[in-house]
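These notes concern the structure reproduced below.
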Amino acid sequence: MYPAAFDYKRPESAAEAISLVNEFGDDAKFLAGGHSLLPLMKLRLAQPTVLIDIGRLADLSYVRDAGDHIAIGALTRHKDVETSALLRQHVPLLADAAAHVGDRQVRHRGTIGGSIAHADSASDLPATILALGAKLIVEGIGGRREISAVDFFKGFLESALLPDELLVEIQVPKLSNAGWSFLKFNRRAQDWAIVGVAAWRDAGNCGVALVNMGSTPILATSVVRAIADGASVADAAALACVEAEPQSDNNATAEYRTHLAQVLVKRALDTCSR
Amino acid sequence: MSQMIKVAITVNGQQTTATVEPRTLLVQYLRDNLNLTATNIGCDTSSCGACTVHLNGEAVKSCTILAVQADGENVTTVEGLANGNEMHPMQQAFMANHGLQCGYCTPGMVMAAISLVKDIPNPTEEDVRIGLEGNLCRCTGYHNIVQSVLAYAEGK
């Protein structure tokens, strides 16, 4: 299947990429690894007339220790997130979640920034950075701004990115001493999660977010509040779906998803507490 | 007339060039421009892995990469594995262990398997099964495929 025809631009820098997207506006899309965008284009679910290929901007591919957080370049591939020694040490939840994305071939091409900017609630990384309380650095023609993960996901495949902005960096707080768990329930290898859970917990705090339990990734704030108030894991997990709006589809009914999310949140928090 | 772009891709050690539409997929470039038809198109939606090739030494799905994204890079297809008439040891392992039935998934399986064993030199059976999750065999001949990959890894 060919995608519909488009014009192709290959900027040499992030600044040039942003200038190009300003020139072409809504008709243009950034192409990173292409593993979210190209399948949509082949199915005509997306039909940009200009692709701006940022995939070779090597200065946007890095994992750096930045003191209280780890800074990850938006073009860092899933494989490099998965195998990063820094992330394995300081944010193992994110490294493990990246290892659950797609399959090995997909992880050789897909990027963390592409996955987050695509803002699919069924993807593993959006919920994970939500649970982690990450910050997203985006750059437009007027300069940089910071968006917290909780403000980033607006609706189905919709983010707070403006059409002329580029996601450049993901900042995740270090959680070196936290327990953590990423659980992905699916029926076949490499499938999207029917329900997924990203969770961490340390002596004072915890974070829990759900994959594929609504039109956006869902922060399970009722669970987090219950744990903070001293509830048992079982009592907190019963609140897993207070914020969720699960849909029924070929894989599962909304009722099944609701039950599954409660079971998985309990398992995840039990693992975190060990 | 839509935009046309000249690409230069090293395929199986040979420099190749063509002028293509930007929407040309890498698998189409290999099959239609270069007549390298061993790389198969299966699902065409980046699920089945039949189109797996190596891009700069790593397994990728060539149905989900544009030829322009591979411009200037190194691609290896299953045609590039043999040394003259001597098959690559992974190909030999598939033959010795009957690691194929209809053969449609085989080029992608072999390419994915070589990349897997490069990253995990001494894989367990579970490593192989999980590592090949991106490759589907509709004959369901997974048992012998896994045995082939393990035999290759042990015999290296």
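Every chain in the structure tokens takes a letter, A first, then B, and so on in the order presented; its residues are numbered from 1, and the ligands are numbered from 1 following the presented order.
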Item to check | Selection near Val11 (chain B), 6 Å with only C-alpha atoms, sequence-local residues under 2 positions removed, as a VMD selection string | outcome: chain B and resid 13 to 14 75 to 76
Next on the checklist: For a quick test of understanding: name the residues of chain A lying within 12 Å of chain B when counting only C-alpha atoms, and present them as a VMD selection string.
Outcome noted: chain A and resid 1 to 10 31 to 43 47 to 56 79 83 99 to 110 188 to 192
Item to check | Contact residues around Asp235 (chain A) with only C-alpha atoms at 8 Å, ignoring same-chain residues under 4 positions, as a ChimeraX atom specification | outcome: /A:226,231,239
For the residues selected in the previous step, produce a file with C-alpha atoms as a tab-separated table (two decimals), in the first residue's frame.
chain	number	residue	atom	x	y	z
A	226	ALA	CA	-6.17	6.46	48.67
A	231	ALA	CA	-5.55	2.67	52.30
A	239	LEU	CA	-10.80	2.74	42.81
Next on the checklist: Residues within 12 Å of region 222-225 of chain A, please, as a PyMOL selection string. Count only C-alpha atoms; anything in the same chain fewer than 6 positions from it doesn't count.
Outcome noted: chain A and resi 131+199-202+204-210+231-244+261-262+265-266+268-269
Suppose we keep N, CA and C atoms; can you now write the selection as a CSV table (one decimal), in the first residue's frame?
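Saved the output as part.csv:
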chain,number,residue,atom,x,y,z
A,131,ALA,N,2.2,8.6,34.6
A,131,ALA,CA,2.4,8.0,36.0
A,131,ALA,C,3.6,8.6,36.6
A,199,ALA,N,2.9,1.8,37.1
A,199,ALA,CA,2.8,2.2,38.5
A,199,ALA,C,4.2,2.3,39.2
A,200,TRP,N,4.3,3.2,40.1
A,200,TRP,CA,5.5,3.2,41.0
A,200,TRP,C,5.1,3.6,42.4
A,201,ARG,N,5.9,3.3,43.4
A,201,ARG,CA,5.6,3.7,44.7
A,201,ARG,C,6.9,3.7,45.5
A,202,ASP,N,7.1,4.8,46.3
A,202,ASP,CA,8.2,4.8,47.2
A,202,ASP,C,7.7,5.1,48.6
A,204,GLY,N,6.9,7.6,50.4
A,204,GLY,CA,5.9,8.7,50.6
A,204,GLY,C,4.9,8.8,49.5
A,205,ASN,N,5.2,8.5,48.3
A,205,ASN,CA,4.4,8.8,47.1
A,205,ASN,C,4.1,7.6,46.2
A,206,CYS,N,3.2,7.7,45.3
A,206,CYS,CA,3.0,6.7,44.3
A,206,CYS,C,2.4,7.4,43.0
A,207,GLY,N,2.5,6.7,41.9
A,207,GLY,CA,1.9,7.2,40.7
A,207,GLY,C,1.3,6.0,40.0
A,208,VAL,N,0.1,6.1,39.4
A,208,VAL,CA,-0.5,5.0,38.7
A,208,VAL,C,-1.3,5.6,37.5
A,209,ALA,N,-1.0,5.0,36.3
A,209,ALA,CA,-1.8,5.5,35.1
A,209,ALA,C,-2.1,4.2,34.3
A,210,LEU,N,-3.2,4.4,33.5
A,210,LEU,CA,-3.8,3.3,32.8
A,210,LEU,C,-3.7,3.5,31.3
A,231,ALA,N,-4.7,3.8,52.7
A,231,ALA,CA,-5.6,2.7,52.3
A,231,ALA,C,-4.7,1.5,52.0
A,232,SER,N,-5.3,0.3,52.1
A,232,SER,CA,-4.6,-0.9,51.6
A,232,SER,C,-4.5,-1.0,50.1
A,233,VAL,N,-3.6,-1.8,49.6
A,233,VAL,CA,-3.5,-1.9,48.1
A,233,VAL,C,-4.8,-2.4,47.6
A,234,ALA,N,-5.5,-3.3,48.2
A,234,ALA,CA,-6.7,-3.9,47.7
A,234,ALA,C,-7.8,-2.8,47.6
A,235,ASP,N,-7.9,-2.0,48.7
A,235,ASP,CA,-8.9,-0.9,48.8
A,235,ASP,C,-8.6,0.1,47.7
A,236,ALA,N,-7.3,0.5,47.6
A,236,ALA,CA,-7.0,1.5,46.6
A,236,ALA,C,-7.2,1.0,45.2
A,237,ALA,N,-6.9,-0.2,44.9
A,237,ALA,CA,-7.1,-0.8,43.5
A,237,ALA,C,-8.5,-0.8,43.1
A,238,ALA,N,-9.4,-0.9,44.1
A,238,ALA,CA,-10.9,-1.0,43.8
A,238,ALA,C,-11.3,0.4,43.2
A,239,LEU,N,-10.5,1.4,43.4
A,239,LEU,CA,-10.8,2.7,42.8
A,239,LEU,C,-10.1,3.0,41.5
A,240,ALA,N,-9.6,1.9,40.9
A,240,ALA,CA,-8.7,2.1,39.7
A,240,ALA,C,-9.5,2.8,38.5
A,241,CYS,N,-10.8,2.6,38.4
A,241,CYS,CA,-11.5,3.1,37.2
A,241,CYS,C,-12.3,4.4,37.5
A,242,VAL,N,-12.1,5.0,38.7
A,242,VAL,CA,-12.9,6.2,39.0
A,242,VAL,C,-12.8,7.2,37.9
A,243,GLU,N,-11.5,7.4,37.4
A,243,GLU,CA,-11.3,8.5,36.4
A,243,GLU,C,-11.4,7.9,34.9
A,244,ALA,N,-11.5,6.6,34.8
A,244,ALA,CA,-11.5,6.0,33.5
A,244,ALA,C,-12.8,6.1,32.7
A,261,ALA,N,-8.7,-3.8,34.8
A,261,ALA,CA,-7.9,-2.6,35.4
A,261,ALA,C,-7.7,-2.7,36.9
A,262,GLN,N,-8.8,-3.1,37.5
A,262,GLN,CA,-8.7,-3.2,39.0
A,262,GLN,C,-7.8,-4.3,39.4
A,265,VAL,N,-4.1,-3.2,38.5
A,265,VAL,CA,-3.6,-2.1,39.4
A,265,VAL,C,-3.2,-2.8,40.8
A,266,LYS,N,-4.0,-3.7,41.2
A,266,LYS,CA,-3.7,-4.4,42.5
A,266,LYS,C,-2.3,-5.2,42.3
A,268,ALA,N,0.0,-4.6,40.2
A,268,ALA,CA,1.1,-3.7,40.0
A,268,ALA,C,1.5,-3.1,41.4
A,269,LEU,N,0.6,-2.6,42.2
A,269,LEU,CA,0.9,-2.0,43.4
A,269,LEU,C,1.5,-3.1,44.4
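One distance worth recording is that between CA of Asn56 (chain B) and CA of Gly72 (chain B), which is 10.3 Å.
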Selection: 10 Å around region 86-101 of chain B, only C-alpha atoms, excl. self and same-chain fewer than 4 positions, as a PDB file with N, CA and C atoms, in the first residue's frame:
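Result file around_25.pdb:
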ATOM      1  N   VAL B  78      17.673 -10.855   2.525  1.00  0.00           N
ATOM      2  CA  VAL B  78      18.090 -12.257   2.647  1.00  0.00           C
ATOM      3  C   VAL B  78      18.962 -12.665   1.458  1.00  0.00           C
ATOM      4  N   GLU B  79      18.809 -11.968   0.317  1.00  0.00           N
ATOM      5  CA  GLU B  79      19.670 -12.276  -0.839  1.00  0.00           C
ATOM      6  C   GLU B  79      21.145 -11.963  -0.567  1.00  0.00           C
ATOM      7  N   GLY B  80      21.372 -11.094   0.430  1.00  0.00           N
ATOM      8  CA  GLY B  80      22.746 -10.669   0.696  1.00  0.00           C
ATOM      9  C   GLY B  80      23.453 -11.504   1.749  1.00  0.00           C
ATOM     10  N   LEU B  81      22.827 -12.568   2.221  1.00  0.00           N
ATOM     11  CA  LEU B  81      23.412 -13.319   3.339  1.00  0.00           C
ATOM     12  C   LEU B  81      24.453 -14.341   2.895  1.00  0.00           C
ATOM     13  N   ALA B  82      24.176 -15.030   1.774  1.00  0.00           N
ATOM     14  CA  ALA B  82      25.049 -16.133   1.372  1.00  0.00           C
ATOM     15  C   ALA B  82      26.421 -15.614   0.968  1.00  0.00           C
ATOM     16  N   CYS B 105       7.148 -16.743   5.311  1.00  0.00           N
ATOM     17  CA  CYS B 105       7.665 -15.898   6.396  1.00  0.00           C
ATOM     18  C   CYS B 105       9.168 -16.022   6.530  1.00  0.00           C
ATOM     19  N   THR B 106       9.774 -16.996   5.839  1.00  0.00           N
ATOM     20  CA  THR B 106      11.149 -17.385   6.114  1.00  0.00           C
ATOM     21  C   THR B 106      12.188 -16.263   5.926  1.00  0.00           C
ATOM     22  N   PRO B 107      12.142 -15.510   4.817  1.00  0.00           N
ATOM     23  CA  PRO B 107      13.152 -14.447   4.694  1.00  0.00           C
ATOM     24  C   PRO B 107      13.113 -13.473   5.874  1.00  0.00           C
ATOM     25  N   MET B 109      11.852 -14.116   8.889  1.00  0.00           N
ATOM     26  CA  MET B 109      12.258 -14.846  10.096  1.00  0.00           C
ATOM     27  C   MET B 109      13.784 -14.905  10.199  1.00  0.00           C
ATOM     28  N   VAL B 110      14.437 -15.235   9.084  1.00  0.00           N
ATOM     29  CA  VAL B 110      15.900 -15.378   9.097  1.00  0.00           C
ATOM     30  C   VAL B 110      16.551 -14.031   9.433  1.00  0.00           C
ATOM     31  N   MET B 111      16.060 -12.953   8.834  1.00  0.00           N
ATOM     32  CA  MET B 111      16.658 -11.640   9.090  1.00  0.00           C
ATOM     33  C   MET B 111      16.422 -11.206  10.543  1.00  0.00           C
ATOM     34  N   ALA B 113      15.924 -13.203  13.049  1.00  0.00           N
ATOM     35  CA  ALA B 113      16.658 -14.107  13.935  1.00  0.00           C
ATOM     36  C   ALA B 113      18.130 -13.724  14.024  1.00  0.00           C
ATOM     37  N   ILE B 114      18.726 -13.330  12.894  1.00  0.00           N
ATOM     38  CA  ILE B 114      20.147 -12.935  12.921  1.00  0.00           C
ATOM     39  C   ILE B 114      20.322 -11.700  13.803  1.00  0.00           C
ATOM     40  N   VAL B 117      19.976 -12.729  17.568  1.00  0.00           N
ATOM     41  CA  VAL B 117      21.117 -13.432  18.171  1.00  0.00           C
ATOM     42  C   VAL B 117      22.337 -12.509  18.279  1.00  0.00           C
ATOM     43  N   CYS B 137       4.164 -16.723  11.506  1.00  0.00           N
ATOM     44  CA  CYS B 137       4.198 -17.856  10.593  1.00  0.00           C
ATOM     45  C   CYS B 137       2.786 -18.403  10.508  1.00  0.00           C
ATOM     46  N   ARG B 138       2.124 -18.216   9.337  1.00  0.00           N
ATOM     47  CA  ARG B 138       0.726 -18.640   9.265  1.00  0.00           C
ATOM     48  C   ARG B 138       0.586 -20.138   9.093  1.00  0.00           C
ATOM     49  N   CYS B 139       1.700 -20.851   8.818  1.00  0.00           N
ATOM     50  CA  CYS B 139       1.660 -22.308   8.929  1.00  0.00           C
ATOM     51  C   CYS B 139       1.725 -22.724  10.401  1.00  0.00           C
ATOM     52  N   THR B 140       1.975 -21.787  11.269  1.00  0.00           N
ATOM     53  CA  THR B 140       2.198 -22.009  12.707  1.00  0.00           C
ATOM     54  C   THR B 140       3.370 -22.950  12.962  1.00  0.00           C
ATOM     55  N   GLY B 141       4.393 -22.844  12.127  1.00  0.00           N
ATOM     56  CA  GLY B 141       5.543 -23.738  12.290  1.00  0.00           C
ATOM     57  C   GLY B 141       6.575 -23.212  13.270  1.00  0.00           C
ATOM     58  N   TYR B 142       6.106 -22.638  14.338  1.00  0.00           N
ATOM     59  CA  TYR B 142       7.029 -21.939  15.242  1.00  0.00           C
ATOM     60  C   TYR B 142       8.037 -22.882  15.906  1.00  0.00           C
ATOM     61  N   HIS B 143       7.612 -24.097  16.215  1.00  0.00           N
ATOM     62  CA  HIS B 143       8.495 -24.977  16.990  1.00  0.00           C
ATOM     63  C   HIS B 143       9.854 -25.141  16.296  1.00  0.00           C
ATOM     64  N   ASN B 144       9.808 -25.496  15.022  1.00  0.00           N
ATOM     65  CA  ASN B 144      11.076 -25.742  14.328  1.00  0.00           C
ATOM     66  C   ASN B 144      11.828 -24.451  14.014  1.00  0.00           C
ATOM     67  N   ILE B 145      11.096 -23.360  13.889  1.00  0.00           N
ATOM     68  CA  ILE B 145      11.778 -22.068  13.701  1.00  0.00           C
ATOM     69  C   ILE B 145      12.599 -21.756  14.940  1.00  0.00           C
ATOM     70  N   VAL B 146      11.979 -21.925  16.105  1.00  0.00           N
ATOM     71  CA  VAL B 146      12.688 -21.660  17.363  1.00  0.00           C
ATOM     72  C   VAL B 146      13.880 -22.607  17.501  1.00  0.00           C
ATOM     73  N   GLN B 147      13.668 -23.893  17.160  1.00  0.00           N
ATOM     74  CA  GLN B 147      14.781 -24.856  17.240  1.00  0.00           C
ATOM     75  C   GLN B 147      15.919 -24.451  16.295  1.00  0.00           C
ATOM     76  N   SER B 148      15.582 -23.934  15.127  1.00  0.00           N
ATOM     77  CA  SER B 148      16.610 -23.504  14.168  1.00  0.00           C
ATOM     78  C   SER B 148      17.453 -22.384  14.745  1.00  0.00           C
ATOM     79  N   VAL B 149      16.783 -21.410  15.348  1.00  0.00           N
ATOM     80  CA  VAL B 149      17.505 -20.250  15.888  1.00  0.00           C
ATOM     81  C   VAL B 149      18.388 -20.688  17.053  1.00  0.00           C
ATOM     82  N   LEU B 150      17.862 -21.579  17.897  1.00  0.00           N
ATOM     83  CA  LEU B 150      18.665 -22.072  19.026  1.00  0.00           C
ATOM     84  C   LEU B 150      19.868 -22.858  18.517  1.00  0.00           C
ATOM     85  N   ALA B 151      19.663 -23.670  17.458  1.00  0.00           N
ATOM     86  CA  ALA B 151      20.765 -24.458  16.897  1.00  0.00           C
ATOM     87  C   ALA B 151      21.844 -23.535  16.339  1.00  0.00           C
ATOM     88  N   TYR B 152      21.412 -22.473  15.679  1.00  0.00           N
ATOM     89  CA  TYR B 152      22.375 -21.498  15.138  1.00  0.00           C
ATOM     90  C   TYR B 152      23.168 -20.865  16.272  1.00  0.00           C
ATOM     91  N   ALA B 153      22.451 -20.446  17.343  1.00  0.00           N
ATOM     92  CA  ALA B 153      23.120 -19.759  18.446  1.00  0.00           C
ATOM     93  C   ALA B 153      24.118 -20.691  19.135  1.00  0.00           C
ATOM     94  N   GLY B 155      25.630 -23.263  17.725  1.00  0.00           N
ATOM     95  CA  GLY B 155      26.682 -23.688  16.809  1.00  0.00           C
ATOM     96  C   GLY B 155      27.633 -22.585  16.394  1.00  0.00           C
ATOM     97  N   LYS B 156      27.354 -21.355  16.806  1.00  0.00           N
ATOM     98  CA  LYS B 156      28.154 -20.231  16.332  1.00  0.00           C
ATOM     99  C   LYS B 156      29.633 -20.400  16.660  1.00  0.00           C
TER     100      LYS B 156
END
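Going from CA of Ala14 (chain A) to CA of Thr76 (chain A) covers 14.4 Å.
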Checklist entry - So which residues of region 106-137 of chain B fall under helix (DSSP H, G or I) by DSSP, listed as a ChimeraX atom specification? => result /B:106-119,125-131
Suppose we keep C-alpha atoms; can you now write the selection as a PDB file, in the first residue's frame?
ATOM      1  CA  THR B 106      11.149 -17.385   6.114  1.00  0.00           C
ATOM      2  CA  PRO B 107      13.152 -14.447   4.694  1.00  0.00           C
ATOM      3  CA  GLY B 108      11.779 -12.193   7.418  1.00  0.00           C
ATOM      4  CA  MET B 109      12.258 -14.846  10.096  1.00  0.00           C
ATOM      5  CA  VAL B 110      15.900 -15.378   9.097  1.00  0.00           C
ATOM      6  CA  MET B 111      16.658 -11.640   9.090  1.00  0.00           C
ATOM      7  CA  ALA B 112      14.897 -11.089  12.427  1.00  0.00           C
ATOM      8  CA  ALA B 113      16.658 -14.107  13.935  1.00  0.00           C
ATOM      9  CA  ILE B 114      20.147 -12.935  12.921  1.00  0.00           C
ATOM     10  CA  SER B 115      19.469  -9.528  14.475  1.00  0.00           C
ATOM     11  CA  LEU B 116      18.102 -11.186  17.627  1.00  0.00           C
ATOM     12  CA  VAL B 117      21.117 -13.432  18.171  1.00  0.00           C
ATOM     13  CA  LYS B 118      23.434 -10.479  17.587  1.00  0.00           C
ATOM     14  CA  ASP B 119      21.806  -8.733  20.563  1.00  0.00           C
ATOM     15  CA  GLU B 125      13.990 -20.708  24.129  1.00  0.00           C
ATOM     16  CA  GLU B 126      11.855 -18.007  25.766  1.00  0.00           C
ATOM     17  CA  ASP B 127      14.234 -15.284  24.506  1.00  0.00           C
ATOM     18  CA  VAL B 128      13.768 -16.591  20.968  1.00  0.00           C
ATOM     19  CA  ARG B 129       9.989 -16.876  21.232  1.00  0.00           C
ATOM     20  CA  ILE B 130       9.647 -13.351  22.626  1.00  0.00           C
ATOM     21  CA  GLY B 131      12.383 -11.994  20.352  1.00  0.00           C
TER      22      GLY B 131
END
Item to check | strand (DSSP E) call set, DSSP backbone run, chain B, as number ranges by chain | outcome: B: 5-11, 14-20, 52-55, 58-61, 74-76
Print the selection's residues with N, CA and C atoms to a file, as a PDB file, in the first residue's frame.
ATOM      1  N   ILE B   5      12.422  12.182  -5.931  1.00  0.00           N
ATOM      2  CA  ILE B   5      13.657  12.358  -5.169  1.00  0.00           C
ATOM      3  C   ILE B   5      14.634  11.254  -5.542  1.00  0.00           C
ATOM      4  N   LYS B   6      15.893  11.639  -5.705  1.00  0.00           N
ATOM      5  CA  LYS B   6      16.923  10.650  -6.008  1.00  0.00           C
ATOM      6  C   LYS B   6      17.451  10.081  -4.696  1.00  0.00           C
ATOM      7  N   VAL B   7      17.437   8.767  -4.595  1.00  0.00           N
ATOM      8  CA  VAL B   7      17.991   8.131  -3.390  1.00  0.00           C
ATOM      9  C   VAL B   7      19.165   7.249  -3.794  1.00  0.00           C
ATOM     10  N   ALA B   8      20.090   7.110  -2.860  1.00  0.00           N
ATOM     11  CA  ALA B   8      21.238   6.219  -3.049  1.00  0.00           C
ATOM     12  C   ALA B   8      21.323   5.333  -1.804  1.00  0.00           C
ATOM     13  N   ILE B   9      21.057   4.054  -1.995  1.00  0.00           N
ATOM     14  CA  ILE B   9      21.015   3.127  -0.864  1.00  0.00           C
ATOM     15  C   ILE B   9      21.965   1.967  -1.152  1.00  0.00           C
ATOM     16  N   THR B  10      22.809   1.656  -0.191  1.00  0.00           N
ATOM     17  CA  THR B  10      23.676   0.490  -0.345  1.00  0.00           C
ATOM     18  C   THR B  10      22.879  -0.747   0.041  1.00  0.00           C
ATOM     19  N   VAL B  11      22.679  -1.633  -0.933  1.00  0.00           N
ATOM     20  CA  VAL B  11      21.883  -2.835  -0.690  1.00  0.00           C
ATOM     21  C   VAL B  11      22.758  -4.056  -0.939  1.00  0.00           C
ATOM     22  N   GLN B  14      26.054  -3.403  -2.497  1.00  0.00           N
ATOM     23  CA  GLN B  14      26.111  -2.713  -3.787  1.00  0.00           C
ATOM     24  C   GLN B  14      25.451  -1.338  -3.681  1.00  0.00           C
ATOM     25  N   GLN B  15      26.073  -0.350  -4.254  1.00  0.00           N
ATOM     26  CA  GLN B  15      25.454   0.973  -4.317  1.00  0.00           C
ATOM     27  C   GLN B  15      24.305   0.933  -5.317  1.00  0.00           C
ATOM     28  N   THR B  16      23.118   1.365  -4.877  1.00  0.00           N
ATOM     29  CA  THR B  16      21.982   1.440  -5.799  1.00  0.00           C
ATOM     30  C   THR B  16      21.439   2.857  -5.791  1.00  0.00           C
ATOM     31  N   THR B  17      20.902   3.292  -6.898  1.00  0.00           N
ATOM     32  CA  THR B  17      20.272   4.614  -6.938  1.00  0.00           C
ATOM     33  C   THR B  17      18.997   4.514  -7.764  1.00  0.00           C
ATOM     34  N   ALA B  18      18.069   5.384  -7.449  1.00  0.00           N
ATOM     35  CA  ALA B  18      16.843   5.478  -8.241  1.00  0.00           C
ATOM     36  C   ALA B  18      16.191   6.810  -7.923  1.00  0.00           C
ATOM     37  N   THR B  19      15.338   7.252  -8.814  1.00  0.00           N
ATOM     38  CA  THR B  19      14.548   8.451  -8.554  1.00  0.00           C
ATOM     39  C   THR B  19      13.140   7.993  -8.244  1.00  0.00           C
ATOM     40  N   VAL B  20      12.671   8.300  -7.033  1.00  0.00           N
ATOM     41  CA  VAL B  20      11.410   7.720  -6.563  1.00  0.00           C
ATOM     42  C   VAL B  20      10.485   8.810  -6.039  1.00  0.00           C
ATOM     43  N   THR B  52      10.856  -8.113   6.868  1.00  0.00           N
ATOM     44  CA  THR B  52      12.006  -7.730   7.700  1.00  0.00           C
ATOM     45  C   THR B  52      13.314  -7.768   6.914  1.00  0.00           C
ATOM     46  N   VAL B  53      14.047  -6.667   6.966  1.00  0.00           N
ATOM     47  CA  VAL B  53      15.401  -6.566   6.404  1.00  0.00           C
ATOM     48  C   VAL B  53      16.285  -5.933   7.476  1.00  0.00           C
ATOM     49  N   HIS B  54      17.571  -5.825   7.207  1.00  0.00           N
ATOM     50  CA  HIS B  54      18.449  -5.111   8.131  1.00  0.00           C
ATOM     51  C   HIS B  54      18.718  -3.707   7.587  1.00  0.00           C
ATOM     52  N   LEU B  55      18.547  -2.716   8.456  1.00  0.00           N
ATOM     53  CA  LEU B  55      18.919  -1.336   8.133  1.00  0.00           C
ATOM     54  C   LEU B  55      20.071  -0.992   9.066  1.00  0.00           C
ATOM     55  N   GLU B  58      20.392  -3.634  11.799  1.00  0.00           N
ATOM     56  CA  GLU B  58      19.309  -3.925  12.728  1.00  0.00           C
ATOM     57  C   GLU B  58      18.046  -4.330  11.964  1.00  0.00           C
ATOM     58  N   ALA B  59      17.315  -5.301  12.518  1.00  0.00           N
ATOM     59  CA  ALA B  59      16.084  -5.763  11.865  1.00  0.00           C
ATOM     60  C   ALA B  59      15.027  -4.673  11.909  1.00  0.00           C
ATOM     61  N   VAL B  60      14.420  -4.405  10.763  1.00  0.00           N
ATOM     62  CA  VAL B  60      13.342  -3.416  10.651  1.00  0.00           C
ATOM     63  C   VAL B  60      12.309  -3.947   9.674  1.00  0.00           C
ATOM     64  N   LYS B  61      11.117  -3.353   9.713  1.00  0.00           N
ATOM     65  CA  LYS B  61      10.041  -3.771   8.814  1.00  0.00           C
ATOM     66  C   LYS B  61       9.999  -2.821   7.618  1.00  0.00           C
ATOM     67  N   ASN B  74      22.698   1.602   4.831  1.00  0.00           N
ATOM     68  CA  ASN B  74      23.027   0.242   4.427  1.00  0.00           C
ATOM     69  C   ASN B  74      21.869  -0.700   4.684  1.00  0.00           C
ATOM     70  N   VAL B  75      21.435  -1.390   3.640  1.00  0.00           N
ATOM     71  CA  VAL B  75      20.339  -2.347   3.780  1.00  0.00           C
ATOM     72  C   VAL B  75      20.853  -3.733   3.392  1.00  0.00           C
ATOM     73  N   THR B  76      20.458  -4.732   4.174  1.00  0.00           N
ATOM     74  CA  THR B  76      20.753  -6.116   3.805  1.00  0.00           C
ATOM     75  C   THR B  76      19.445  -6.882   3.718  1.00  0.00           C
TER      76      THR B  76
END
Item to check | Shortest interatomic distance to Lys174 (chain A) - which of A:Asp68, A:Glu12, A:Glu23, A:Asp59, counting only C-alpha atoms | outcome: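 Closest residue, counting only C-alpha atoms: A:Asp68.
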Item to check | Atomic distance CA of Gly179 (chain A) - CA of Pro126 (chain A), expressed in Å with one decimal | outcome: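 Here the two named atoms are 19.6 Å from each other.
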